[in-house]
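Okay, run.json is below, JSON, C-alpha atoms:
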```json
[["chain", "number", "residue", "atom", "x", "y", "z"],
["F", 1, "MET", "CA", -24.54, -7.58, 16.74],
["F", 2, "GLY", "CA", -27.17, -6.98, 14.06],
["F", 3, "ARG", "CA", -27.18, -3.20, 14.41],
["F", 4, "GLN", "CA", -26.68, -0.83, 11.48],
["F", 5, "VAL", "CA", -24.26, 1.81, 12.75],
["F", 6, "GLY", "CA", -22.73, 3.09, 9.50],
["F", 7, "THR", "CA", -19.22, 4.36, 8.88],
["F", 8, "MET", "CA", -17.48, 7.67, 9.52],
["F", 9, "ARG", "CA", -14.33, 9.16, 7.95],
["F", 10, "GLY", "CA", -13.62, 5.78, 6.37],
["F", 11, "ILE", "CA", -13.75, 4.02, 9.75],
["F", 12, "SER", "CA", -16.00, 0.97, 9.58],
["F", 13, "ALA", "CA", -17.95, -0.57, 12.43],
["F", 14, "PRO", "CA", -15.56, -3.58, 12.78],
["F", 15, "VAL", "CA", -12.59, -1.21, 13.02],
["F", 16, "MET", "CA", -14.39, 0.85, 15.65],
["F", 17, "VAL", "CA", -15.10, -2.35, 17.60],
["F", 18, "GLN", "CA", -11.38, -3.09, 17.51],
["F", 19, "TRP", "CA", -10.67, 0.44, 18.74],
["F", 20, "CYS", "CA", -13.28, 0.40, 21.51],
["F", 21, "GLY", "CA", -12.71, -3.19, 22.57],
["F", 22, "SER", "CA", -16.36, -4.22, 22.55],
["F", 23, "ALA", "CA", -19.15, -4.40, 19.96],
["F", 24, "GLU", "CA", -21.62, -3.27, 22.61],
["F", 25, "LEU", "CA", -19.90, 0.12, 22.78],
["F", 26, "VAL", "CA", -20.23, 0.82, 19.06],
["F", 27, "THR", "CA", -23.50, 2.53, 18.25],
["F", 28, "ALA", "CA", -24.64, 4.84, 15.48],
["F", 29, "ALA", "CA", -24.16, 7.77, 17.86],
["F", 30, "VAL", "CA", -20.60, 6.68, 18.60],
["F", 31, "MET", "CA", -19.84, 6.38, 14.88],
["F", 32, "LYS", "CA", -21.24, 9.85, 14.22],
["F", 33, "SER", "CA", -19.06, 11.28, 16.99],
["F", 34, "ILE", "CA", -15.73, 10.19, 15.44],
["F", 35, "SER", "CA", -13.77, 13.43, 15.26],
["F", 36, "GLN", "CA", -10.76, 14.18, 13.09],
["F", 37, "THR", "CA", -8.58, 13.75, 16.18],
["F", 38, "THR", "CA", -10.05, 10.31, 16.88],
["F", 39, "PHE", "CA", -9.70, 9.34, 13.24],
["F", 40, "GLU", "CA", -6.02, 10.30, 13.28],
["F", 41, "ALA", "CA", -5.45, 8.30, 16.46],
["F", 42, "ILE", "CA", -7.12, 5.21, 14.95],
["F", 43, "TYR", "CA", -5.21, 5.64, 11.69],
["F", 44, "ALA", "CA", -1.88, 5.91, 13.51],
["F", 45, "ALA", "CA", -2.48, 3.01, 15.89],
["F", 46, "LEU", "CA", -4.24, 0.48, 13.67],
["F", 47, "TYR", "CA", -2.69, 1.24, 10.27],
["F", 48, "TRP", "CA", 0.49, 3.37, 10.33],
["F", 49, "ARG", "CA", 2.18, 1.54, 13.19],
["F", 50, "ALA", "CA", 0.83, -1.80, 11.98],
["F", 51, "ILE", "CA", 2.73, -1.44, 8.70],
["F", 52, "ALA", "CA", 5.85, 0.00, 10.40],
["F", 53, "GLY", "CA", 5.36, 3.27, 8.55],
["F", 54, "ASP", "CA", 8.16, 5.09, 10.39],
["F", 55, "ASN", "CA", 10.66, 2.51, 9.11],
["F", 56, "LEU", "CA", 9.69, 2.47, 5.44],
["F", 57, "PRO", "CA", 11.08, 4.58, 2.58],
["F", 58, "ASP", "CA", 9.13, 7.64, 1.51],
["F", 59, "GLY", "CA", 6.48, 6.63, -0.99],
["F", 60, "VAL", "CA", 6.52, 2.98, 0.07],
["F", 61, "ASP", "CA", 4.97, 4.03, 3.38],
["F", 62, "LEU", "CA", 2.09, 5.74, 1.57],
["F", 63, "MET", "CA", 1.53, 2.83, -0.81],
["F", 64, "LEU", "CA", 1.27, 0.44, 2.10],
["F", 65, "VAL", "CA", -0.72, 2.46, 4.63],
["F", 66, "ASP", "CA", -3.38, 3.66, 2.19],
["F", 67, "PHE", "CA", -3.88, 0.15, 0.80],
["F", 68, "ALA", "CA", -4.00, -1.23, 4.35],
["F", 69, "PHE", "CA", -6.66, 1.33, 5.29],
["F", 70, "ASN", "CA", -8.61, 0.52, 2.15],
["F", 71, "SER", "CA", -8.18, -3.26, 2.05],
["F", 72, "GLY", "CA", -6.76, -4.57, 5.33],
["F", 73, "VAL", "CA", -3.40, -4.55, 7.11],
["F", 74, "GLN", "CA", -2.74, -8.26, 6.70],
["F", 75, "ARG", "CA", -3.24, -8.21, 2.94],
["F", 76, "ALA", "CA", -1.01, -5.14, 2.51],
["F", 77, "ALA", "CA", 1.74, -6.46, 4.77],
["F", 78, "LYS", "CA", 1.80, -9.94, 3.24],
["F", 79, "GLN", "CA", 2.04, -8.51, -0.27],
["F", 80, "PHE", "CA", 4.96, -6.37, 0.84],
["F", 81, "GLN", "CA", 6.72, -9.33, 2.45],
["F", 82, "GLN", "CA", 6.33, -11.39, -0.70],
["F", 83, "ILE", "CA", 7.68, -8.61, -2.93],
["F", 84, "VAL", "CA", 10.82, -8.03, -0.85],
["F", 85, "GLY", "CA", 11.60, -11.74, -0.72],
["F", 86, "VAL", "CA", 10.44, -13.06, 2.64],
["F", 87, "LEU", "CA", 10.22, -16.85, 2.41],
["F", 88, "ASP", "CA", 6.69, -18.07, 1.77],
["F", 89, "SER", "CA", 6.78, -20.11, 4.97],
["F", 90, "GLU", "CA", 7.64, -16.98, 6.97],
["F", 91, "ILE", "CA", 5.12, -14.53, 5.50],
["F", 92, "ASP", "CA", 2.96, -13.62, 8.47],
["F", 93, "GLY", "CA", 1.70, -10.09, 7.87],
["F", 94, "ASN", "CA", 4.05, -8.68, 10.49],
["F", 95, "ILE", "CA", 6.46, -6.06, 9.16],
["F", 96, "GLY", "CA", 9.05, -6.35, 11.88],
["F", 97, "PRO", "CA", 12.86, -6.14, 12.07],
["F", 98, "GLU", "CA", 13.38, -9.29, 10.00],
["F", 99, "THR", "CA", 11.20, -8.08, 7.13],
["F", 100, "LEU", "CA", 12.80, -4.63, 7.22],
["F", 101, "ALA", "CA", 16.29, -6.17, 7.09],
["F", 102, "ILE", "CA", 15.30, -8.25, 4.06],
["F", 103, "MET", "CA", 13.90, -5.10, 2.41],
["F", 104, "GLU", "CA", 17.22, -3.30, 2.90],
["F", 105, "ASN", "CA", 19.06, -6.01, 0.95],
["F", 106, "VAL", "CA", 16.53, -6.98, -1.70],
["F", 107, "ARG", "CA", 17.78, -7.09, -5.29],
["F", 108, "GLY", "CA", 16.12, -5.27, -8.15],
["F", 109, "ASP", "CA", 15.37, -8.47, -10.06],
["F", 110, "GLN", "CA", 13.50, -9.85, -7.02],
["F", 111, "ILE", "CA", 11.23, -6.80, -6.95],
["F", 112, "ALA", "CA", 10.89, -6.57, -10.74],
["F", 113, "LYS", "CA", 9.17, -9.94, -11.10],
["F", 114, "PHE", "CA", 6.13, -8.48, -9.33],
["F", 115, "ILE", "CA", 5.78, -5.47, -11.65],
["F", 116, "SER", "CA", 3.04, -5.83, -14.26],
["F", 117, "LYS", "CA", 3.67, -4.97, -17.91],
["F", 118, "ASP", "CA", 1.78, -1.67, -17.79],
["F", 119, "TYR", "CA", 3.58, -0.46, -14.67],
["F", 120, "ALA", "CA", 6.88, -1.75, -16.05],
["F", 121, "ALA", "CA", 6.45, 0.52, -19.07],
["F", 122, "ARG", "CA", 5.81, 3.47, -16.76],
["F", 123, "LEU", "CA", 8.90, 2.61, -14.75],
["F", 124, "GLN", "CA", 10.97, 2.42, -17.94],
["F", 125, "THR", "CA", 9.70, 5.83, -19.01],
["F", 126, "ASP", "CA", 10.79, 7.20, -15.64],
["F", 127, "LEU", "CA", 14.24, 5.65, -16.13],
["F", 128, "ALA", "CA", 14.51, 6.93, -19.74],
["F", 129, "VAL", "CA", 14.90, 3.46, -21.28],
["F", 130, "THR", "CA", 12.80, 1.80, -23.98],
["F", 131, "ALA", "CA", 9.29, 1.41, -22.58],
["F", 132, "ASP", "CA", 8.44, -2.07, -23.83],
["F", 133, "GLY", "CA", 7.00, -3.35, -20.56],
["F", 134, "ALA", "CA", 9.61, -6.09, -20.24],
["F", 135, "ILE", "CA", 12.08, -5.57, -17.41],
["F", 136, "GLY", "CA", 15.42, -7.04, -18.42],
["F", 137, "PRO", "CA", 19.10, -6.27, -17.90],
["F", 138, "VAL", "CA", 18.94, -2.79, -19.46],
["F", 139, "THR", "CA", 16.11, -1.65, -17.19],
["F", 140, "LEU", "CA", 17.66, -3.22, -14.11],
["F", 141, "ARG", "CA", 21.02, -1.62, -14.86],
["F", 142, "ALA", "CA", 19.36, 1.77, -15.30],
["F", 143, "ALA", "CA", 17.52, 1.31, -12.02],
["F", 144, "GLN", "CA", 20.76, 0.48, -10.25],
["F", 145, "GLU", "CA", 22.64, 3.39, -11.80],
["F", 146, "GLN", "CA", 19.83, 5.78, -10.85],
["F", 147, "ASP", "CA", 19.44, 4.32, -7.36],
["F", 148, "ALA", "CA", 15.81, 3.57, -8.18],
["F", 149, "GLY", "CA", 15.22, 0.60, -5.88],
["F", 150, "THR", "CA", 12.45, 2.41, -4.03],
["F", 151, "ARG", "CA", 10.80, 3.31, -7.33],
["F", 152, "LEU", "CA", 10.82, -0.38, -8.31],
["F", 153, "LEU", "CA", 9.23, -1.25, -4.99],
["F", 154, "ILE", "CA", 6.50, 1.36, -5.42],
["F", 155, "TYR", "CA", 5.60, 0.04, -8.87],
["F", 156, "ALA", "CA", 5.63, -3.55, -7.59],
["F", 157, "LEU", "CA", 3.23, -2.58, -4.81],
["F", 158, "ALA", "CA", 0.97, -0.81, -7.31],
["F", 159, "SER", "CA", 0.96, -3.93, -9.50],
["F", 160, "ARG", "CA", 0.00, -6.26, -6.67],
["F", 161, "GLN", "CA", -2.59, -3.87, -5.31],
["F", 162, "ALA", "CA", -4.25, -3.54, -8.71],
["F", 163, "LEU", "CA", -4.32, -7.33, -8.98],
["F", 164, "ALA", "CA", -5.91, -7.58, -5.54],
["F", 165, "TYR", "CA", -8.60, -5.05, -6.37],
["F", 166, "ARG", "CA", -9.46, -6.91, -9.57],
["F", 167, "SER", "CA", -9.88, -10.12, -7.57],
["F", 168, "PHE", "CA", -12.46, -8.66, -5.18],
["F", 169, "SER", "CA", -16.03, -9.83, -5.66],
["F", 170, "ASN", "CA", -17.36, -6.26, -5.76],
["F", 171, "PHE", "CA", -14.88, -5.08, -8.40],
["F", 172, "ARG", "CA", -17.66, -4.67, -10.97],
["F", 173, "ASN", "CA", -19.41, -2.16, -8.71],
["F", 174, "PHE", "CA", -16.49, -0.38, -7.05],
["F", 175, "GLY", "CA", -13.46, -1.24, -9.17],
["F", 176, "SER", "CA", -13.19, 2.08, -10.99],
["F", 177, "GLY", "CA", -13.09, 3.92, -7.68],
["F", 178, "TRP", "CA", -10.52, 1.54, -6.20],
["F", 179, "LEU", "CA", -8.25, 1.88, -9.23],
["F", 180, "ALA", "CA", -8.62, 5.67, -9.19],
["F", 181, "ARG", "CA", -7.56, 5.64, -5.54],
["F", 182, "LEU", "CA", -4.57, 3.46, -6.44],
["F", 183, "GLU", "CA", -3.53, 5.84, -9.21],
["F", 184, "ALA", "CA", -3.80, 8.82, -6.85],
["F", 185, "ARG", "CA", -1.57, 7.22, -4.22],
["F", 186, "LEU", "CA", 0.91, 6.02, -6.85],
["F", 187, "VAL", "CA", 1.30, 9.53, -8.29],
["F", 188, "ARG", "CA", 1.67, 10.95, -4.79],
["F", 189, "ALA", "CA", 4.18, 8.27, -3.77],
["F", 190, "LEU", "CA", 6.34, 8.94, -6.83],
["F", 191, "ALA", "CA", 6.20, 12.68, -6.13],
["F", 192, "MET", "CA", 7.55, 11.96, -2.65],
["F", 193, "LEU", "CA", 10.66, 10.44, -4.23],
["F", 194, "GLU", "CA", 11.41, 13.60, -6.12],
["F", 195, "ALA", "CA", 10.41, 16.16, -3.48],
["F", 196, "ARG", "CA", 7.77, 17.54, -5.85],
["F", 197, "PRO", "CA", 4.66, 19.27, -4.48],
["F", 198, "LEU", "CA", 2.31, 16.47, -3.52],
["F", 199, "PRO", "CA", -0.93, 16.12, -5.50],
["F", 200, "ALA", "CA", -4.06, 15.82, -3.41],
["F", 201, "MET", "CA", -5.47, 12.39, -2.67],
["F", 202, "ALA", "CA", -9.07, 11.90, -3.74]]
```

Take the structure in the file and write it out as structure tokens.
Amino acid sequence: MGRQVGTMRGISAPVMVQWCGSAELVTAAVMKSISQTTFEAIYAALYWRAIAGDNLPDGVDLMLVDFAFNSGVQRAAKQFQQIVGVLDSEIDGNIGPETLAIMENVRGDQIAKFISKDYAARLQTDLAVTADGAIGPVTLRAAQEQDAGTRLLIYALASRQALAYRSFSNFRNFGSGWLARLEARLVRALAMLEARPLPAMA
């Protein structure tokens, strides 16, 4: 509506309009009054539930919800659907029962094709195979033997999220911060797989 109302706790004015139901209700004073409790309610309703966080594997949930909060639910959900093998014609940004069922049955080679070379080498290091950045039969067999399907999915999400950040028009100005945020959530997500103490997010 042409007013400058700012942001608070990472909540932007458009998100607050969605929460309040009307742009007329969102003022600078309202933005300043967003408490931690209100933030948590918005985060749960508009991001966590929107990406079906309760139904996702540990680590995958973090990779999706933090990227959704940072870059939009639709972008995060559609990337996830593509990675797990939802048909292009059925990718709709809705992580519902159909998408979750496809995720449960996705093959490692389907996920692996979305992992970039750099992240593939990190995955291979994790799996204790030659870290050449090329995921082939040896890496896929190691992933299967080590029950590392969730790890593959986390690295695939990191790869697509990095690609998305690099495509944004403001990457030159904010890219280093976005990639640092991605690295922080990736490290934390991988720690969740191994029940290690979780590093702090920036």

Selected residue of minimal separation from Ala45 in chain F among F:Asp88, F:Met63, F:Val15, F:Ala121, counting all atoms listed in the file: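 Closest to Ala45 in chain F of all the choices is F:Val15.
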
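Minimum atom-to-atom distance to Leu123 in chain F, evaluated using all atoms listed in the file, belongs to F:Leu153 out of F:Ala52, F:Val60, F:Ala23, F:Leu153.
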
I'd like a table as a Markdown table: residues in range 28-117 of chain F with an atom no more than 12 Å from range 163-166 of chain F, each row giving the shortest atom pair and its distance in Å to one decimal, only C-alpha atoms counted, sorted by chain and rising residue number.
```
| residue | atom | partner | partner_atom | distance |
| --- | --- | --- | --- | --- |
| F:Phe67 | CA | F:Tyr165 | CA | 10.0 |
| F:Ala68 | CA | F:Ala164 | CA | 11.9 |
| F:Asn70 | CA | F:Tyr165 | CA | 10.2 |
| F:Ser71 | CA | F:Tyr165 | CA | 8.6 |
| F:Gly72 | CA | F:Ala164 | CA | 11.3 |
| F:Arg75 | CA | F:Ala164 | CA | 8.9 |
| F:Ala76 | CA | F:Ala164 | CA | 9.7 |
| F:Lys78 | CA | F:Ala164 | CA | 11.9 |
| F:Gln79 | CA | F:Ala164 | CA | 9.6 |
| F:Phe114 | CA | F:Leu163 | CA | 10.5 |
| F:Ile115 | CA | F:Leu163 | CA | 10.6 |
| F:Ser116 | CA | F:Leu163 | CA | 9.2 |
```

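Residue nearest Ala131 in chain F within the list F:Lys117, F:Asn173, F:Gln82, F:Arg185: F:Lys117 [criterion: smallest interatomic distance, all atoms listed in the file].
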
Would you mind reading off the distance between CA of Gln36 in chain F and CA of Ser12 in chain F, one decimal, in Å?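 Calculated distance between CA of Gln36 in chain F and CA of Ser12 in chain F is 14.6 Å.
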
Among listed residues F:Ala120, F:Leu62, F:Ala50, F:Val86, nearest Glu104 in chain F (using only C-alpha atoms): F:Val86

Nearest to Leu100 in chain F among F:Leu152, F:Ala180, F:Ile11, F:Ile51, with distances taken over all atoms listed in the file: which residue is it? F:Ile51

What is the distance between CA of Leu46 in chain F and CA of Ala189 in chain F, in Å to one decimal?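 A separation of 20.9 Å between them.
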
Is it possible to get the axis-aligned box enclosing range 113-119 of chain F (all listed atoms, 8 Å extra per side) as AutoDock Vina command-line options, with centre and edge lengths in Å rounded to one decimal?
```
--center_x 5.5 --center_y -5.2 --center_z -13.6 --size_x 23.4 --size_y 25.5 --size_z 24.6
```

List the spatial neighbours of Pro97 in chain F as a ChimeraX atom specification - criterion: any atom at most 10 Å away, all atoms listed in the file, same-chain residues fewer than 4 positions off excluded. /F:52,55,101-103

F:Arg188, F:Arg181, F:Arg172, F:Arg160: which is nearest Phe80 in chain F, counting only C-alpha atoms?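 Of F:Arg188, F:Arg181, F:Arg172, F:Arg160, the one nearest Phe80 in chain F, counting only C-alpha atoms, is F:Arg160.
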
Could you state the separation of CA of Gln110 in chain F and CA of Val84 in chain F in Å, given to one decimal place?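 Separation of CA of Gln110 in chain F and CA of Val84 in chain F: 7.0 Å.
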
Output range 102-129 of chain F as a PDB file, in the coordinates of the input, making sure N, CA and C atoms are there.
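Listing of selection_33.pdb after writing:
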```pdb
ATOM      1  N   ILE F 102      15.371  -7.642   5.393  1.00  0.00           N
ATOM      2  CA  ILE F 102      15.300  -8.250   4.060  1.00  0.00           C
ATOM      3  C   ILE F 102      15.055  -7.158   3.015  1.00  0.00           C
ATOM      4  N   MET F 103      14.180  -6.213   3.331  1.00  0.00           N
ATOM      5  CA  MET F 103      13.900  -5.100   2.410  1.00  0.00           C
ATOM      6  C   MET F 103      15.176  -4.321   2.087  1.00  0.00           C
ATOM      7  N   GLU F 104      16.009  -4.092   3.089  1.00  0.00           N
ATOM      8  CA  GLU F 104      17.220  -3.300   2.900  1.00  0.00           C
ATOM      9  C   GLU F 104      18.189  -3.962   1.916  1.00  0.00           C
ATOM     10  N   ASN F 105      18.098  -5.279   1.773  1.00  0.00           N
ATOM     11  CA  ASN F 105      19.060  -6.010   0.950  1.00  0.00           C
ATOM     12  C   ASN F 105      18.455  -6.647  -0.298  1.00  0.00           C
ATOM     13  N   VAL F 106      17.196  -6.339  -0.578  1.00  0.00           N
ATOM     14  CA  VAL F 106      16.530  -6.980  -1.700  1.00  0.00           C
ATOM     15  C   VAL F 106      17.134  -6.503  -3.019  1.00  0.00           C
ATOM     16  N   ARG F 107      17.254  -7.410  -3.970  1.00  0.00           N
ATOM     17  CA  ARG F 107      17.780  -7.090  -5.290  1.00  0.00           C
ATOM     18  C   ARG F 107      16.672  -6.584  -6.218  1.00  0.00           C
ATOM     19  N   GLY F 108      17.083  -5.802  -7.198  1.00  0.00           N
ATOM     20  CA  GLY F 108      16.120  -5.270  -8.150  1.00  0.00           C
ATOM     21  C   GLY F 108      15.376  -6.335  -8.914  1.00  0.00           C
ATOM     22  N   ASP F 109      16.053  -7.422  -9.282  1.00  0.00           N
ATOM     23  CA  ASP F 109      15.370  -8.470 -10.060  1.00  0.00           C
ATOM     24  C   ASP F 109      14.319  -9.199  -9.236  1.00  0.00           C
ATOM     25  N   GLN F 110      14.513  -9.253  -7.902  1.00  0.00           N
ATOM     26  CA  GLN F 110      13.500  -9.850  -7.020  1.00  0.00           C
ATOM     27  C   GLN F 110      12.228  -9.010  -7.051  1.00  0.00           C
ATOM     28  N   ILE F 111      12.392  -7.694  -6.942  1.00  0.00           N
ATOM     29  CA  ILE F 111      11.230  -6.800  -6.950  1.00  0.00           C
ATOM     30  C   ILE F 111      10.567  -6.781  -8.323  1.00  0.00           C
ATOM     31  N   ALA F 112      11.395  -6.761  -9.373  1.00  0.00           N
ATOM     32  CA  ALA F 112      10.890  -6.570 -10.740  1.00  0.00           C
ATOM     33  C   ALA F 112       9.910  -7.650 -11.170  1.00  0.00           C
ATOM     34  N   LYS F 113      10.055  -8.858 -10.652  1.00  0.00           N
ATOM     35  CA  LYS F 113       9.170  -9.940 -11.100  1.00  0.00           C
ATOM     36  C   LYS F 113       7.720  -9.729 -10.666  1.00  0.00           C
ATOM     37  N   PHE F 114       7.487  -8.760  -9.780  1.00  0.00           N
ATOM     38  CA  PHE F 114       6.130  -8.480  -9.330  1.00  0.00           C
ATOM     39  C   PHE F 114       5.522  -7.273 -10.039  1.00  0.00           C
ATOM     40  N   ILE F 115       6.269  -6.666 -10.949  1.00  0.00           N
ATOM     41  CA  ILE F 115       5.780  -5.470 -11.650  1.00  0.00           C
ATOM     42  C   ILE F 115       5.068  -5.893 -12.932  1.00  0.00           C
ATOM     43  N   SER F 116       3.819  -5.486 -13.077  1.00  0.00           N
ATOM     44  CA  SER F 116       3.040  -5.830 -14.260  1.00  0.00           C
ATOM     45  C   SER F 116       3.578  -5.092 -15.487  1.00  0.00           C
ATOM     46  N   LYS F 117       3.164  -5.545 -16.661  1.00  0.00           N
ATOM     47  CA  LYS F 117       3.670  -4.970 -17.910  1.00  0.00           C
ATOM     48  C   LYS F 117       3.380  -3.472 -18.014  1.00  0.00           C
ATOM     49  N   ASP F 118       2.153  -3.076 -17.674  1.00  0.00           N
ATOM     50  CA  ASP F 118       1.780  -1.670 -17.790  1.00  0.00           C
ATOM     51  C   ASP F 118       2.622  -0.799 -16.856  1.00  0.00           C
ATOM     52  N   TYR F 119       2.780  -1.249 -15.616  1.00  0.00           N
ATOM     53  CA  TYR F 119       3.580  -0.460 -14.670  1.00  0.00           C
ATOM     54  C   TYR F 119       5.069  -0.543 -15.021  1.00  0.00           C
ATOM     55  N   ALA F 120       5.488  -1.643 -15.606  1.00  0.00           N
ATOM     56  CA  ALA F 120       6.880  -1.750 -16.050  1.00  0.00           C
ATOM     57  C   ALA F 120       7.185  -0.698 -17.109  1.00  0.00           C
ATOM     58  N   ALA F 121       6.249  -0.490 -18.029  1.00  0.00           N
ATOM     59  CA  ALA F 121       6.450   0.520 -19.070  1.00  0.00           C
ATOM     60  C   ALA F 121       6.535   1.919 -18.458  1.00  0.00           C
ATOM     61  N   ARG F 122       5.737   2.176 -17.436  1.00  0.00           N
ATOM     62  CA  ARG F 122       5.810   3.470 -16.760  1.00  0.00           C
ATOM     63  C   ARG F 122       7.141   3.635 -16.035  1.00  0.00           C
ATOM     64  N   LEU F 123       7.599   2.582 -15.406  1.00  0.00           N
ATOM     65  CA  LEU F 123       8.900   2.610 -14.750  1.00  0.00           C
ATOM     66  C   LEU F 123      10.002   2.900 -15.775  1.00  0.00           C
ATOM     67  N   GLN F 124       9.943   2.225 -16.906  1.00  0.00           N
ATOM     68  CA  GLN F 124      10.970   2.420 -17.940  1.00  0.00           C
ATOM     69  C   GLN F 124      10.959   3.846 -18.470  1.00  0.00           C
ATOM     70  N   THR F 125       9.777   4.422 -18.607  1.00  0.00           N
ATOM     71  CA  THR F 125       9.700   5.830 -19.010  1.00  0.00           C
ATOM     72  C   THR F 125      10.380   6.718 -17.981  1.00  0.00           C
ATOM     73  N   ASP F 126      10.137   6.437 -16.715  1.00  0.00           N
ATOM     74  CA  ASP F 126      10.790   7.200 -15.640  1.00  0.00           C
ATOM     75  C   ASP F 126      12.307   7.098 -15.735  1.00  0.00           C
ATOM     76  N   LEU F 127      12.796   5.911 -16.096  1.00  0.00           N
ATOM     77  CA  LEU F 127      14.240   5.650 -16.130  1.00  0.00           C
ATOM     78  C   LEU F 127      14.870   6.041 -17.465  1.00  0.00           C
ATOM     79  N   ALA F 128      14.038   6.508 -18.409  1.00  0.00           N
ATOM     80  CA  ALA F 128      14.510   6.930 -19.740  1.00  0.00           C
ATOM     81  C   ALA F 128      15.146   5.774 -20.514  1.00  0.00           C
ATOM     82  N   VAL F 129      14.505   4.592 -20.442  1.00  0.00           N
ATOM     83  CA  VAL F 129      14.900   3.460 -21.280  1.00  0.00           C
ATOM     84  C   VAL F 129      13.685   3.080 -22.127  1.00  0.00           C
TER      85      VAL F 129
END
```
